[in-house]
file protein.csv (CSV, C-alpha atoms and all ligand atoms)
chain,number,residue,atom,x,y,z
A,1,MET,CA,117.7,100.1,101.7
A,2,LEU,CA,115.2,102.9,102.6
A,3,GLU,CA,116.9,103.2,106.0
A,4,LYS,CA,115.9,106.7,106.7
A,5,LEU,CA,112.2,106.0,105.9
A,6,LYS,CA,112.1,102.7,107.9
A,7,THR,CA,113.8,104.2,111.0
A,8,SER,CA,111.5,107.3,111.0
A,9,LEU,CA,108.4,105.1,110.5
A,10,ILE,CA,109.2,103.0,113.5
A,11,ASN,CA,109.5,106.2,115.6
A,12,SER,CA,106.2,107.7,114.4
A,13,PRO,CA,103.7,108.8,116.9
A,14,MET,CA,100.1,107.4,116.6
A,15,ILE,CA,96.9,109.2,117.3
A,16,LYS,CA,93.2,108.2,117.1
A,17,ARG,CA,91.0,109.7,114.3
A,18,GLY,CA,87.7,108.2,115.4
A,19,GLU,CA,88.4,104.4,115.5
A,20,TYR,CA,91.3,104.8,113.0
A,21,ASN,CA,94.9,104.4,114.3
A,22,TYR,CA,96.6,107.3,112.5
A,23,PHE,CA,100.4,107.4,112.4
A,24,ILE,CA,102.1,110.8,112.0
A,25,HIS,CA,105.1,110.9,109.7
A,26,PRO,CA,106.9,113.7,107.7
A,27,ILE,CA,106.2,112.0,104.4
A,28,SER,CA,102.4,111.5,105.1
A,29,ASP,CA,101.8,114.6,107.1
A,30,GLY,CA,104.7,117.1,106.6
A,31,VAL,CA,104.9,116.8,110.5
A,32,PRO,CA,107.5,117.1,111.9
A,33,SER,CA,109.7,118.6,109.2
A,34,ILE,CA,110.5,116.7,106.0
A,35,ASP,CA,114.2,115.6,105.7
A,36,PRO,CA,115.2,116.3,102.1
A,37,HIS,CA,117.7,113.4,102.3
A,38,MET,CA,114.8,111.0,103.0
A,39,VAL,CA,112.9,112.4,100.0
A,40,GLU,CA,116.0,111.8,97.9
A,41,GLU,CA,116.3,108.3,99.2
A,42,ILE,CA,112.7,107.5,98.3
A,43,ALA,CA,112.9,109.2,94.9
A,44,GLU,CA,116.1,107.3,94.0
A,45,TYR,CA,114.5,104.0,95.0
A,46,ILE,CA,111.4,104.7,92.9
A,47,LEU,CA,113.5,105.4,89.9
A,48,GLN,CA,115.0,101.9,90.3
A,49,ILE,CA,111.7,100.2,90.2
A,50,THR,CA,109.7,102.0,87.5
A,51,ASP,CA,110.3,102.5,83.8
A,52,ILE,CA,110.3,106.3,83.9
A,53,LYS,CA,111.3,106.8,80.2
A,54,LYS,CA,107.8,106.0,79.0
A,55,VAL,CA,106.1,108.4,81.4
A,56,ASP,CA,104.4,111.6,80.1
A,57,THR,CA,103.5,112.9,83.5
A,58,ILE,CA,103.9,112.1,87.2
A,59,LEU,CA,100.5,112.1,88.8
A,60,THR,CA,100.0,112.7,92.5
A,61,ILE,CA,97.2,113.7,94.9
A,62,GLU,CA,97.1,116.8,97.0
A,63,ALA,CA,98.6,117.3,99.5
A,64,MET,CA,101.1,114.8,100.8
A,65,GLY,CA,101.9,113.0,97.5
A,66,ILE,CA,103.5,116.2,96.4
A,67,PRO,CA,106.9,116.2,98.0
A,68,VAL,CA,108.0,112.8,96.6
A,69,ALA,CA,106.3,113.3,93.3
A,70,ASN,CA,107.9,116.7,92.9
A,71,ALA,CA,111.3,115.3,93.7
A,72,LEU,CA,110.8,112.7,90.9
A,73,SER,CA,109.7,115.5,88.5
A,74,MET,CA,112.8,117.6,89.4
A,75,LYS,CA,115.2,114.6,89.0
A,76,THR,CA,113.7,113.5,85.6
A,77,GLY,CA,112.4,116.6,84.0
A,78,ILE,CA,109.0,114.9,83.6
A,79,PRO,CA,106.0,117.2,84.3
A,80,LEU,CA,104.0,116.9,87.5
A,81,THR,CA,100.2,116.8,87.6
A,82,ILE,CA,98.4,117.2,90.9
A,83,VAL,CA,94.9,115.9,91.5
A,84,ARG,CA,93.4,118.7,93.6
A,85,LYS,CA,90.8,118.9,96.4
A,86,ARG,CA,89.1,122.0,94.9
A,87,PRO,CA,87.5,122.5,91.5
A,88,TYR,CA,88.8,124.9,88.8
A,89,PHE,CA,85.8,124.5,86.4
A,90,LEU,CA,88.1,124.1,83.4
A,91,GLU,CA,86.8,122.3,80.3
A,92,GLY,CA,87.4,118.6,80.8
A,93,GLU,CA,87.8,118.7,84.5
A,94,VAL,CA,86.9,115.3,86.1
A,95,GLU,CA,85.4,115.1,89.6
A,96,LEU,CA,85.6,112.0,91.7
A,97,SER,CA,84.7,111.1,95.3
A,98,GLN,CA,87.5,110.3,97.8
A,99,ARG,CA,86.9,108.2,100.9
A,100,THR,CA,89.7,107.3,103.3
A,101,GLY,CA,89.6,105.6,106.8
A,102,TYR,CA,89.0,109.0,108.4
A,103,SER,CA,87.6,111.5,105.8
A,104,LYS,CA,85.7,111.9,102.6
A,105,GLY,CA,85.6,114.6,100.0
A,106,ALA,CA,85.9,115.4,96.3
A,107,LEU,CA,89.0,115.3,94.1
A,108,TYR,CA,89.4,117.0,90.7
A,109,ILE,CA,91.6,116.0,87.8
A,110,ASN,CA,92.7,118.6,85.3
A,111,GLY,CA,95.4,118.6,82.6
A,112,LEU,CA,95.1,115.0,81.5
A,113,LYS,CA,93.8,113.6,78.2
A,114,LYS,CA,93.1,110.2,76.6
A,115,GLY,CA,96.3,108.4,75.7
A,116,ASP,CA,98.5,110.1,78.3
A,117,ARG,CA,100.8,107.7,80.1
A,118,VAL,CA,101.2,108.3,83.8
A,119,ILE,CA,102.6,106.9,86.9
A,120,ILE,CA,100.7,107.6,90.1
A,121,VAL,CA,102.8,108.4,93.1
A,122,ASP,CA,101.2,108.9,96.5
A,123,ASP,CA,102.4,108.9,100.1
A,124,VAL,CA,100.1,106.3,101.7
A,125,ILE,CA,97.7,103.6,100.7
A,126,SER,CA,95.5,102.4,103.5
A,127,THR,CA,91.8,101.5,102.7
A,128,GLY,CA,92.6,102.0,99.0
A,129,GLY,CA,89.6,104.3,98.7
A,130,THR,CA,91.5,107.2,97.2
A,131,LEU,CA,93.5,105.2,94.6
A,132,MET,CA,90.5,103.0,93.7
A,133,ALA,CA,88.5,106.2,92.8
A,134,LEU,CA,91.4,107.7,91.0
A,135,VAL,CA,92.3,104.6,88.9
A,136,LYS,CA,88.6,104.2,87.9
A,137,ALA,CA,88.3,107.8,86.8
A,138,LEU,CA,91.6,107.6,84.8
A,139,LYS,CA,90.5,104.4,83.1
A,140,THR,CA,87.2,106.1,82.1
A,141,MET,CA,89.2,109.0,80.7
A,142,GLY,CA,91.4,106.6,78.6
A,143,VAL,CA,94.6,107.6,80.5
A,144,GLU,CA,97.2,104.8,80.6
A,145,ILE,CA,98.5,104.0,84.0
A,146,LEU,CA,102.0,102.6,83.8
A,147,ASP,CA,102.6,102.2,87.5
A,148,VAL,CA,101.0,103.0,90.9
A,149,ILE,CA,103.5,103.6,93.6
A,150,SER,CA,102.8,104.3,97.3
A,151,VAL,CA,105.7,105.2,99.6
A,152,ILE,CA,103.9,103.6,102.6
A,153,GLY,CA,101.2,101.0,102.8
A,154,ARG,CA,99.1,99.7,105.6
A,155,GLY,CA,96.3,97.1,105.7
A,156,ASN,CA,94.8,95.1,102.8
A,157,GLY,CA,93.1,98.0,101.0
A,158,TYR,CA,95.7,97.7,98.1
A,159,LEU,CA,94.2,94.3,97.2
A,160,GLN,CA,91.1,96.0,95.8
A,161,LEU,CA,93.2,97.6,93.1
A,162,LYS,CA,94.0,94.2,91.7
A,163,GLU,CA,90.4,94.0,90.6
A,164,LEU,CA,91.1,96.9,88.4
A,165,GLY,CA,94.2,95.2,87.0
A,166,VAL,CA,96.6,97.4,89.0
A,167,GLU,CA,99.3,96.0,91.2
A,168,PRO,CA,100.6,98.9,93.4
A,169,LYS,CA,104.2,99.0,94.3
A,170,ILE,CA,104.4,99.8,98.0
A,171,LEU,CA,107.8,100.7,99.2
A,172,VAL,CA,107.4,100.0,102.9
A,173,THR,CA,104.4,98.1,104.3
A,174,ILE,CA,103.6,98.8,108.0
A,175,ASP,CA,101.2,97.7,110.7
A,176,VAL,CA,99.7,100.4,112.9
A,177,SER,CA,98.3,99.4,116.3
A,178,GLU,CA,97.8,101.1,119.7
A,179,LYS,CA,101.5,100.2,120.3
A,180,GLY,CA,102.7,102.2,117.3
A,181,VAL,CA,104.2,101.3,113.9
A,182,GLU,CA,105.8,98.0,112.9
A,183,ILE,CA,107.6,97.4,109.6
A,184,LYS,CA,106.1,94.4,107.8
A,185,ASN,CA,107.7,94.5,104.4
A,186,VAL,CA,110.0,96.4,102.0
A,187,PHE,CA,109.3,96.4,98.3
A,188,GLY,CA,111.8,94.1,96.5
A,189,ASN,CA,112.4,92.0,99.7
A,190,GLU,CA,109.3,89.8,99.3
B,1,LIG,O1,94.0,104.5,101.0
B,1,LIG,P1,93.2,105.6,101.7
B,1,LIG,O2,92.4,105.1,102.9
B,1,LIG,O3,92.3,106.2,100.7
B,1,LIG,O4,94.2,106.6,102.3
B,1,LIG,C1,95.3,107.2,101.5
B,1,LIG,C2,95.1,108.6,101.3
B,1,LIG,O5,95.0,109.3,102.5
B,1,LIG,C3,95.9,110.4,102.5
B,1,LIG,O6,95.3,111.5,102.0
B,1,LIG,P2,94.5,112.6,102.7
B,1,LIG,O7,93.1,112.7,102.0
B,1,LIG,O8,94.5,112.4,104.2
B,1,LIG,O9,95.2,114.0,102.4
B,1,LIG,P3,96.5,114.7,102.6
B,1,LIG,O10,97.5,114.1,101.6
B,1,LIG,O11,96.2,116.1,102.3
B,1,LIG,O12,97.0,114.4,104.0
B,1,LIG,C4,97.0,110.0,101.6
B,1,LIG,O13,97.7,111.0,101.1
B,1,LIG,C5,96.3,109.2,100.6
B,1,LIG,O14,95.9,110.0,99.4
B,2,LIG,O1,97.6,106.7,109.3
B,2,LIG,C1,97.8,107.6,108.4
B,2,LIG,N1,98.7,108.6,108.6
B,2,LIG,C2,99.0,109.5,107.6
B,2,LIG,N2,98.4,109.5,106.5
B,2,LIG,C3,97.5,108.5,106.2
B,2,LIG,N3,96.8,108.3,105.1
B,2,LIG,C4,96.0,107.3,105.3
B,2,LIG,N4,96.2,106.8,106.5
B,2,LIG,C5,97.2,107.6,107.1
call {"tool": "encode", "arguments": {"input": "protein.csv", "output": "structure tokens", "more": "lines below"}}
Ligand SMILES: O=P(O)(O)OC[C@H]1O[C@H](OP(=O)(O)OP(=O)(O)O)[C@H](O)[C@@H]1O
Ligand code: HPA
result
Amino acid sequence: MLEKLKTSLINSPMIKRGEYNYFIHPISDGVPSIDPHMVEEIAEYILQITDIKKVDTILTIEAMGIPVANALSMKTGIPLTIVRKRPYFLEGEVELSQRTGYSKGALYINGLKKGDRVIIVDDVISTGGTLMALVKALKTMGVEILDVISVIGRGNGYLQLKELGVEPKILVTIDVSEKGVEIKNVFGNE
């Protein structure tokens, strides 16, 4: 189960971004190259754990949510919507603030309306800052969130989402220390 993902995570290098232990992995960084078989493995797994039939659009966040979300879109024929890091000034554009463990900036939602049913797919959840801001904005817009799926999870940041009534599905939970990456859990194995 998710063997390619788990093996590659264990072998991920780690760098410091300030105080933050940042692991480098193809799915979260595009570095080194992304193995399409690993993306396929992840997309297949996600399709087993979410009710894709009800979904109007697969929602992801620039940049590194895109490879997996796009694979899901290609496999299902369901459109892909990307939350961008730059504005387009279109009518109805919604701006939100993103803060991670090592960066902050703005995100912009376009192309969604009240009543749309989405799943959110992202590569990593860490502090939870990005998904908290996105989920809050979508709720204000009246967008229905059917599932929140993160390929990789680290730390307790995901717990904050429960306060918003969202229980993210995290495929592989890891611990990142000075020594490197350790696998803590695989979704479905709890
Ligand atoms: O839970 P958090 O602490 O908010 O971290 C998770 C976010 O960090 C990464 O995005 P980043 O802004 O680094 O952009 P990238 O996808 O362009 O690398 C990742 O893709 C998530 O969106
Ligand atoms: O440690 C990390 N590595 C890659 N992407 C990330 N997004 C949040 N934390 C990380």
call {"tool": "residues_near_ligand", "arguments": {"input": "protein.csv", "ligand": "ligand LIG 1 (chain B)", "cutoff": "9 Å", "atoms": "only C-alpha atoms and all ligand atoms", "output": "MDAnalysis selection string"}}
result
chainID A and resid 28:30 60:66 85 98:105 122:133 150 153:154 157:158
call {"tool": "closest_residue", "arguments": {"input": "protein.csv", "among": "A:Gly92, A:Pro168, A:Gly155, A:Pro67", "to": "ligand LIG 2 (chain B)", "atoms": "all atoms listed in the file"}}
result
A:Gly155
call {"tool": "closest_residue", "arguments": {"input": "protein.csv", "among": "A:Glu91, A:Glu44, A:Val143, A:Leu59", "to": "Lys75 in chain A", "atoms": "only C-alpha atoms"}}
result
A:Glu44
call {"tool": "closest_residue", "arguments": {"input": "protein.csv", "among": "A:Leu159, A:Val151, A:Leu90, A:Leu96", "to": "ligand LIG 2 (chain B)", "atoms": "only C-alpha atoms and all ligand atoms"}}
result
A:Val151
call {"tool": "closest_residue", "arguments": {"input": "protein.csv", "among": "A:Leu5, A:His37, A:Ile170, A:Ile27", "to": "ligand LIG 2 (chain B)", "atoms": "all atoms listed in the file"}}
result
A:Ile27
call {"tool": "residues_around", "arguments": {"input": "protein.csv", "residues": "range 12-22 of chain A", "least_positions_apart": "6", "cutoff": "9 Å", "atoms": "all atoms listed in the file", "output": "MDAnalysis selection string"}}
result
chainID A and resid 101:102 176:181
call {"tool": "atom_distance", "arguments": {"input": "protein.csv", "atom1": "CA of Ala69 in chain A", "atom2": "CA of Ala43 in chain A"}}
result
7.9 Å
call {"tool": "closest_residue", "arguments": {"input": "protein.csv", "among": "A:Lys162, A:Ile152, A:Met74, A:Lys53", "to": "ligand LIG 2 (chain B)", "atoms": "all atoms listed in the file"}}
result
A:Ile152
call {"tool": "closest_residue", "arguments": {"input": "protein.csv", "among": "A:Ile46, A:Val186, A:Val148, A:Ile174", "to": "ligand LIG 2 (chain B)", "atoms": "only C-alpha atoms and all ligand atoms"}}
result
A:Ile174
call {"tool": "decode", "arguments": {"input": "protein.csv", "residues": "range 16-154 of chain A", "atoms": "C-alpha atoms", "output": "tab-separated table (two decimals), in the first residue's frame"}}
result
chain	number	residue	atom	x	y	z
A	16	LYS	CA	16.68	23.86	7.41
A	17	ARG	CA	14.37	26.73	6.42
A	18	GLY	CA	15.01	28.96	9.44
A	19	GLU	CA	14.09	26.75	12.39
A	20	TYR	CA	11.84	24.56	10.22
A	21	ASN	CA	13.04	21.04	9.28
A	22	TYR	CA	12.03	20.96	5.61
A	23	PHE	CA	12.02	17.57	3.82
A	24	ILE	CA	12.51	17.56	0.05
A	25	HIS	CA	10.40	15.11	-1.93
A	26	PRO	CA	9.17	14.89	-5.55
A	27	ILE	CA	5.51	15.15	-4.53
A	28	SER	CA	6.00	18.22	-2.32
A	29	ASP	CA	8.74	19.93	-4.32
A	30	GLY	CA	8.99	18.44	-7.80
A	31	VAL	CA	12.61	17.74	-6.79
A	32	PRO	CA	14.06	15.37	-7.81
A	33	SER	CA	11.88	14.31	-10.76
A	34	ILE	CA	8.33	13.07	-10.18
A	35	ASP	CA	7.82	9.35	-10.94
A	36	PRO	CA	4.49	9.08	-12.81
A	37	HIS	CA	4.00	5.60	-11.33
A	38	MET	CA	4.09	7.12	-7.86
A	39	VAL	CA	1.51	9.74	-8.85
A	40	GLU	CA	-0.63	6.92	-10.27
A	41	GLU	CA	-0.29	4.95	-7.01
A	42	ILE	CA	-1.41	7.99	-5.02
A	43	ALA	CA	-4.31	8.88	-7.33
A	44	GLU	CA	-5.58	5.27	-7.29
A	45	TYR	CA	-5.45	5.25	-3.50
A	46	ILE	CA	-7.35	8.54	-3.22
A	47	LEU	CA	-10.09	7.20	-5.51
A	48	GLN	CA	-10.59	4.32	-3.07
A	49	ILE	CA	-11.11	6.59	-0.06
A	50	THR	CA	-13.32	9.38	-1.43
A	51	ASP	CA	-16.77	9.45	-3.01
A	52	ILE	CA	-15.71	11.05	-6.28
A	53	LYS	CA	-19.12	10.74	-7.99
A	54	LYS	CA	-20.54	13.71	-6.06
A	55	VAL	CA	-17.65	16.07	-6.84
A	56	ASP	CA	-18.10	19.08	-9.16
A	57	THR	CA	-14.45	20.12	-9.11
A	58	ILE	CA	-11.14	18.94	-7.69
A	59	LEU	CA	-9.61	21.90	-5.88
A	60	THR	CA	-5.90	22.24	-5.30
A	61	ILE	CA	-3.35	24.88	-4.36
A	62	GLU	CA	-0.48	26.11	-6.49
A	63	ALA	CA	2.09	24.74	-6.94
A	64	MET	CA	2.69	21.27	-5.61
A	65	GLY	CA	-0.89	20.11	-5.14
A	66	ILE	CA	-1.19	20.21	-8.93
A	67	PRO	CA	0.49	16.94	-10.05
A	68	VAL	CA	-1.72	14.66	-7.93
A	69	ALA	CA	-4.89	16.73	-8.38
A	70	ASN	CA	-4.34	16.79	-12.13
A	71	ALA	CA	-3.89	13.01	-12.20
A	72	LEU	CA	-7.24	12.67	-10.42
A	73	SER	CA	-8.87	15.04	-12.86
A	74	MET	CA	-7.46	13.13	-15.85
A	75	LYS	CA	-8.58	9.77	-14.43
A	76	THR	CA	-12.12	10.90	-13.60
A	77	GLY	CA	-12.91	13.63	-16.13
A	78	ILE	CA	-13.78	15.95	-13.22
A	79	PRO	CA	-12.52	19.54	-13.73
A	80	LEU	CA	-9.54	20.88	-11.83
A	81	THR	CA	-9.58	24.25	-10.07
A	82	ILE	CA	-6.30	25.75	-8.88
A	83	VAL	CA	-6.04	28.27	-6.04
A	84	ARG	CA	-3.32	30.62	-7.32
A	85	LYS	CA	-0.66	32.75	-5.68
A	86	ARG	CA	-1.31	35.71	-7.94
A	87	PRO	CA	-4.47	37.75	-8.53
A	88	TYR	CA	-6.45	37.88	-11.77
A	89	PHE	CA	-8.88	40.67	-10.68
A	90	LEU	CA	-11.87	38.75	-12.07
A	91	GLU	CA	-15.33	39.39	-10.64
A	92	GLY	CA	-15.87	37.20	-7.58
A	93	GLU	CA	-12.16	36.55	-6.96
A	94	VAL	CA	-11.58	35.80	-3.28
A	95	GLU	CA	-8.26	36.66	-1.62
A	96	LEU	CA	-6.96	34.92	1.48
A	97	SER	CA	-3.73	34.95	3.49
A	98	GLN	CA	-1.55	31.86	3.60
A	99	ARG	CA	0.97	31.18	6.35
A	100	THR	CA	3.12	28.03	6.49
A	101	GLY	CA	5.99	27.08	8.82
A	102	TYR	CA	8.45	28.92	6.55
A	103	SER	CA	6.55	31.41	4.38
A	104	LYS	CA	3.57	33.72	4.10
A	105	GLY	CA	1.70	35.22	1.19
A	106	ALA	CA	-1.67	35.59	-0.49
A	107	LEU	CA	-3.84	33.03	-2.31
A	108	TYR	CA	-6.62	33.77	-4.78
A	109	ILE	CA	-9.71	31.67	-5.50
A	110	ASN	CA	-11.40	31.98	-8.89
A	111	GLY	CA	-14.00	29.89	-10.66
A	112	LEU	CA	-16.02	28.67	-7.68
A	113	LYS	CA	-19.55	29.62	-6.64
A	114	LYS	CA	-21.98	28.99	-3.82
A	115	GLY	CA	-23.21	25.39	-3.80
A	116	ASP	CA	-20.24	23.94	-5.71
A	117	ARG	CA	-19.14	20.60	-4.24
A	118	VAL	CA	-15.38	20.19	-4.04
A	119	ILE	CA	-12.69	17.93	-2.71
A	120	ILE	CA	-9.49	19.69	-1.72
A	121	VAL	CA	-6.31	17.81	-2.63
A	122	ASP	CA	-2.92	19.09	-1.51
A	123	ASP	CA	0.57	17.63	-1.27
A	124	VAL	CA	1.42	18.41	2.38
A	125	ILE	CA	-0.30	19.54	5.54
A	126	SER	CA	2.08	20.75	8.23
A	127	THR	CA	1.09	23.71	10.42
A	128	GLY	CA	-2.37	23.56	8.82
A	129	GLY	CA	-2.15	27.30	8.08
A	130	THR	CA	-2.83	26.96	4.36
A	131	LEU	CA	-5.81	24.62	4.61
A	132	MET	CA	-7.33	26.52	7.58
A	133	ALA	CA	-7.35	29.74	5.56
A	134	LEU	CA	-8.72	27.99	2.46
A	135	VAL	CA	-11.46	26.08	4.29
A	136	LYS	CA	-12.61	29.27	6.08
A	137	ALA	CA	-12.78	31.16	2.79
A	138	LEU	CA	-14.71	28.37	1.04
A	139	LYS	CA	-17.21	28.17	3.89
A	140	THR	CA	-17.79	31.92	3.66
A	141	MET	CA	-18.36	31.51	-0.09
A	142	GLY	CA	-20.91	28.72	0.50
A	143	VAL	CA	-18.80	26.10	-1.27
A	144	GLU	CA	-19.45	22.56	-0.01
A	145	ILE	CA	-16.29	20.70	1.00
A	146	LEU	CA	-16.84	16.96	0.59
A	147	ASP	CA	-13.33	15.89	1.54
A	148	VAL	CA	-9.91	17.33	2.36
A	149	ILE	CA	-7.07	15.05	1.30
A	150	SER	CA	-3.37	15.59	1.85
A	151	VAL	CA	-0.83	13.15	0.45
A	152	ILE	CA	1.66	13.81	3.26
A	153	GLY	CA	1.07	15.06	6.80
A	154	ARG	CA	3.47	16.14	9.50
